[in-house]
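Comments concern the structure below.
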Amino acid sequence: MTEEVHDVRLQVNGATHAVTVPARRLLSDALRHDCGLTGTHVGCEHGVCGACTVLMDGRPVRSCLVLAVSAEDTEVTTVEGLAEDTGEDDTVLSPVQQAFSDCHGLQCGFCTPGFLTTITAGLRANPDPTEDEARDMIAGNLCRCTGYQNIVKAVLRAAELTREGR
Ligand code: FES
Ligand code: FES
């Protein structure tokens, strides 16, 4: 029996990707395998680790819990879409990316795309978090390397950079 497939137009990082997928295709797999955007990482595949977090219409979602067909008519932002395109040959790191670099917020980097997207949305909701609020902001994401301390510092640094207009 051949599986029924669906034509879906995904809007990702400002570009349209016309993909043909079975109804069961996860958004995480569609992003990685159909759109070639492998910055979104897949860890647990059941909503626990947060590595696959992307923004849908600005809100963080676990892309392993979203079906690709249901993402049509939404604006998806992956980690690849966070850096600012300067219009020249270069891109500028977003404040959250810059802060991770400044504060050594990553080691192996596997969890990092999910943290970057989660914190980007978190700082839009709360631009001036306390340390406790920074910890709450990242509480749904797992990291096996860093002990979280430098990630919390990076949240606070990113807030600073954003306030400074960076
Ligand atoms: S891979 Fe989606 S939450 Fe872990
Ligand atoms: S930096 Fe390795 S899992 Fe977080």
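Numbering starts fresh at 1 for the residues of each chain in the structure tokens, the chains themselves are lettered A, B, ... in the order given, and ligands are numbered from 1 as they appear.
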Counting only C-alpha atoms and all ligand atoms, what are the residues of chain A within 7 Å of ligand 1, and for each of them which pair of atoms is the nearest and at what distance in Å, to one decimal? Sort the table by chain and rising number, as a Markdown table.
| residue | atom | partner | partner_atom_place_in_ligand_line | distance |
| --- | --- | --- | --- | --- |
| A:His41 | CA | ligand 1 | 1 (S) | 6.8 |
| A:Val42 | CA | ligand 1 | 1 (S) | 4.0 |
| A:Gly43 | CA | ligand 1 | 1 (S) | 4.0 |
| A:Cys44 | CA | ligand 1 | 4 (Fe) | 3.9 |
| A:Glu45 | CA | ligand 1 | 1 (S) | 3.8 |
| A:His46 | CA | ligand 1 | 3 (S) | 5.5 |
| A:Gly47 | CA | ligand 1 | 3 (S) | 3.3 |
| A:Val48 | CA | ligand 1 | 3 (S) | 4.4 |
| A:Cys49 | CA | ligand 1 | 4 (Fe) | 3.8 |
| A:Gly50 | CA | ligand 1 | 3 (S) | 3.9 |
| A:Ala51 | CA | ligand 1 | 4 (Fe) | 5.2 |
| A:Cys52 | CA | ligand 1 | 2 (Fe) | 4.5 |
| A:Thr53 | CA | ligand 1 | 2 (Fe) | 6.6 |
| A:Arg62 | CA | ligand 1 | 2 (Fe) | 5.1 |
| A:Ser63 | CA | ligand 1 | 2 (Fe) | 5.9 |
| A:Cys64 | CA | ligand 1 | 2 (Fe) | 4.3 |
| A:Leu65 | CA | ligand 1 | 2 (Fe) | 6.7 |
Residues of the last selection are to be written out with N, CA and C atoms, as a PDB file, in the first residue's frame.
ATOM      1  N   HIS A  41      17.779  20.532  16.017  1.00  0.00           N
ATOM      2  CA  HIS A  41      18.262  19.214  16.435  1.00  0.00           C
ATOM      3  C   HIS A  41      17.133  18.366  17.015  1.00  0.00           C
ATOM      4  N   VAL A  42      17.302  17.082  16.883  1.00  0.00           N
ATOM      5  CA  VAL A  42      16.299  16.138  17.378  1.00  0.00           C
ATOM      6  C   VAL A  42      16.965  15.245  18.417  1.00  0.00           C
ATOM      7  N   GLY A  43      16.469  15.332  19.642  1.00  0.00           N
ATOM      8  CA  GLY A  43      17.027  14.506  20.710  1.00  0.00           C
ATOM      9  C   GLY A  43      16.057  13.413  21.096  1.00  0.00           C
ATOM     10  N   CYS A  44      15.102  13.767  21.941  1.00  0.00           N
ATOM     11  CA  CYS A  44      14.213  12.743  22.525  1.00  0.00           C
ATOM     12  C   CYS A  44      13.075  12.345  21.603  1.00  0.00           C
ATOM     13  N   GLU A  45      12.661  13.261  20.720  1.00  0.00           N
ATOM     14  CA  GLU A  45      11.503  13.063  19.837  1.00  0.00           C
ATOM     15  C   GLU A  45      10.203  12.815  20.584  1.00  0.00           C
ATOM     16  N   HIS A  46      10.122  13.196  21.837  1.00  0.00           N
ATOM     17  CA  HIS A  46       8.807  13.154  22.475  1.00  0.00           C
ATOM     18  C   HIS A  46       8.560  14.337  23.421  1.00  0.00           C
ATOM     19  N   GLY A  47       9.148  15.467  23.084  1.00  0.00           N
ATOM     20  CA  GLY A  47       8.748  16.700  23.745  1.00  0.00           C
ATOM     21  C   GLY A  47       9.434  16.994  25.062  1.00  0.00           C
ATOM     22  N   VAL A  48      10.471  16.258  25.403  1.00  0.00           N
ATOM     23  CA  VAL A  48      11.078  16.423  26.725  1.00  0.00           C
ATOM     24  C   VAL A  48      12.325  17.314  26.702  1.00  0.00           C
ATOM     25  N   CYS A  49      13.180  17.162  25.705  1.00  0.00           N
ATOM     26  CA  CYS A  49      14.520  17.767  25.796  1.00  0.00           C
ATOM     27  C   CYS A  49      14.590  19.214  25.302  1.00  0.00           C
ATOM     28  N   GLY A  50      13.717  19.592  24.395  1.00  0.00           N
ATOM     29  CA  GLY A  50      13.708  20.964  23.891  1.00  0.00           C
ATOM     30  C   GLY A  50      14.700  21.250  22.776  1.00  0.00           C
ATOM     31  N   ALA A  51      15.500  20.257  22.380  1.00  0.00           N
ATOM     32  CA  ALA A  51      16.512  20.503  21.338  1.00  0.00           C
ATOM     33  C   ALA A  51      15.882  20.931  20.015  1.00  0.00           C
ATOM     34  N   CYS A  52      14.653  20.500  19.784  1.00  0.00           N
ATOM     35  CA  CYS A  52      14.010  20.740  18.480  1.00  0.00           C
ATOM     36  C   CYS A  52      13.182  22.019  18.469  1.00  0.00           C
ATOM     37  N   THR A  53      13.307  22.839  19.508  1.00  0.00           N
ATOM     38  CA  THR A  53      12.431  24.016  19.626  1.00  0.00           C
ATOM     39  C   THR A  53      12.635  24.987  18.461  1.00  0.00           C
ATOM     40  N   ARG A  62       7.846  22.726  20.410  1.00  0.00           N
ATOM     41  CA  ARG A  62       8.645  21.528  20.156  1.00  0.00           C
ATOM     42  C   ARG A  62       8.301  21.043  18.755  1.00  0.00           C
ATOM     43  N   SER A  63       9.222  21.152  17.820  1.00  0.00           N
ATOM     44  CA  SER A  63       8.864  20.774  16.453  1.00  0.00           C
ATOM     45  C   SER A  63       8.689  19.270  16.308  1.00  0.00           C
ATOM     46  N   CYS A  64       9.129  18.492  17.309  1.00  0.00           N
ATOM     47  CA  CYS A  64       8.890  17.040  17.258  1.00  0.00           C
ATOM     48  C   CYS A  64       7.480  16.687  17.705  1.00  0.00           C
ATOM     49  N   LEU A  65       6.729  17.676  18.160  1.00  0.00           N
ATOM     50  CA  LEU A  65       5.337  17.422  18.565  1.00  0.00           C
ATOM     51  C   LEU A  65       4.356  18.093  17.615  1.00  0.00           C
TER      52      LEU A  65
END
Using only C-alpha atoms, what does the table of stretch 52-80 of chain A residues within 7 Å of stretch 29-40 of chain A look like, with each row giving the shortest atom pair and its distance in Å to one decimal, sorted by chain and ascending number, as a Markdown table?
| residue | atom | partner | partner_atom | distance |
| --- | --- | --- | --- | --- |
| A:Cys52 | CA | A:Thr40 | CA | 5.3 |
| A:Ala68 | CA | A:Ala30 | CA | 6.3 |
| A:Thr78 | CA | A:Thr40 | CA | 6.5 |
| A:Val79 | CA | A:Gly39 | CA | 6.0 |
| A:Glu80 | CA | A:Gly39 | CA | 6.3 |
Save out the residues we just selected, N, CA and C atoms, as an mmCIF file, in the first residue's frame.
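result05.cif, written as the output of this step:
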data_model
loop_
_atom_site.group_PDB
_atom_site.id
_atom_site.type_symbol
_atom_site.label_atom_id
_atom_site.label_comp_id
_atom_site.auth_asym_id
_atom_site.auth_seq_id
_atom_site.Cartn_x
_atom_site.Cartn_y
_atom_site.Cartn_z
ATOM 1 N N CYS A 52 14.653 20.500 19.784
ATOM 2 C CA CYS A 52 14.010 20.740 18.480
ATOM 3 C C CYS A 52 13.182 22.019 18.469
ATOM 4 N N ALA A 68 4.044 18.414 10.260
ATOM 5 C CA ALA A 68 4.410 19.392 9.222
ATOM 6 C C ALA A 68 3.173 19.954 8.537
ATOM 7 N N THR A 78 13.670 29.052 12.566
ATOM 8 C CA THR A 78 14.606 28.074 13.122
ATOM 9 C C THR A 78 15.870 28.826 13.551
ATOM 10 N N VAL A 79 16.795 28.086 14.141
ATOM 11 C CA VAL A 79 18.038 28.726 14.572
ATOM 12 C C VAL A 79 18.741 29.416 13.406
ATOM 13 N N GLU A 80 18.565 28.881 12.203
ATOM 14 C CA GLU A 80 19.219 29.495 11.034
ATOM 15 C C GLU A 80 18.672 30.889 10.764
#
Could the residues that lie within 8 Å of ligand 2, counting only C-alpha atoms and all ligand atoms, be listed as a count of residues only?
13
Go through chain A and collect every residue that DSSP, computed from the backbone, puts in helix (DSSP H, G or I); the answer should be as a PyMOL selection string.
chain A and resi 27-34+63-65+68-71+79-81+95-103+112-125+131-137+149-163
So what do you get for atom CA of A:Ala99 versus atom CA of A:Arg157, distance-wise?
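Atom CA of A:Arg157 lies 5.5 Å from atom CA of A:Ala99.
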Can you list, as a PyMOL selection string, all residues belonging to chain A that DSSP tags as strand (DSSP E)?
chain A and resi 5-12+15-22+53-56+59-62+75-77+84-85+91-92
Please provide the set of residues having any atom within 7 Å of stretch 69-73 of chain A, restricted to only C-alpha atoms, with same-chain residues fewer than 2 positions apart removed, written as a ChimeraX atom specification.
/A:8-10,23,67,75
Calculate how many Å separate atom CA of A:Asp128 from atom CA of A:Glu164, rounding to one decimal.
11.9 Å
For A:Arg135: contacts at 12 Å, only C-alpha atoms, fewer than 6 positions along chain excluded, given as a ChimeraX atom specification
/A:115,118-119,122,129,141-142,147-156
Please produce an output containing N, CA and C atoms for each residue in the selection, written as a short mmCIF file (atom, residue, chain, number, x, y, z; two decimals), in the first residue's frame.
data_model
loop_
_atom_site.label_atom_id
_atom_site.label_comp_id
_atom_site.auth_asym_id
_atom_site.auth_seq_id
_atom_site.Cartn_x
_atom_site.Cartn_y
_atom_site.Cartn_z
N PHE A 115 17.93 26.10 22.88
CA PHE A 115 18.08 27.18 23.87
C PHE A 115 17.98 28.54 23.18
N THR A 118 14.38 29.29 22.27
CA THR A 118 13.58 29.45 23.49
C THR A 118 13.86 30.79 24.15
N ILE A 119 15.12 31.15 24.26
CA ILE A 119 15.50 32.39 24.94
C ILE A 119 15.11 33.61 24.10
N GLY A 122 11.65 34.04 24.93
CA GLY A 122 11.53 34.38 26.34
C GLY A 122 11.87 35.83 26.62
N PRO A 129 14.90 39.95 32.66
CA PRO A 129 14.66 38.91 33.65
C PRO A 129 15.64 38.96 34.81
N ASN A 141 14.35 23.09 28.83
CA ASN A 141 15.37 22.61 27.88
C ASN A 141 16.47 21.86 28.63
N LEU A 142 16.87 20.74 28.09
CA LEU A 142 17.91 19.94 28.73
C LEU A 142 19.26 20.15 28.06
N GLY A 147 25.97 22.38 32.75
CA GLY A 147 25.57 22.68 34.12
C GLY A 147 24.69 23.92 34.21
N TYR A 148 24.33 24.49 33.08
CA TYR A 148 23.35 25.59 32.95
C TYR A 148 23.87 26.95 33.42
N GLN A 149 24.91 27.00 34.26
CA GLN A 149 25.32 28.27 34.84
C GLN A 149 25.63 29.31 33.76
N ASN A 150 26.42 28.90 32.76
CA ASN A 150 26.79 29.86 31.72
C ASN A 150 25.62 30.17 30.78
N ILE A 151 24.67 29.26 30.71
CA ILE A 151 23.48 29.54 29.89
C ILE A 151 22.65 30.62 30.59
N VAL A 152 22.52 30.52 31.91
CA VAL A 152 21.80 31.55 32.66
C VAL A 152 22.50 32.90 32.48
N LYS A 153 23.83 32.88 32.59
CA LYS A 153 24.59 34.13 32.36
C LYS A 153 24.30 34.67 30.96
N ALA A 154 24.22 33.77 30.00
CA ALA A 154 23.99 34.20 28.61
C ALA A 154 22.60 34.83 28.46
N VAL A 155 21.61 34.31 29.19
CA VAL A 155 20.28 34.92 29.12
C VAL A 155 20.36 36.37 29.61
N LEU A 156 21.05 36.56 30.73
CA LEU A 156 21.14 37.92 31.30
C LEU A 156 21.96 38.83 30.39
#
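Nearest-residue note for A:Glu84: choosing from A:Asp7, A:Cys103, A:Asn13, A:Pro22, the minimum distance belongs to A:Asn13, counting only C-alpha atoms.
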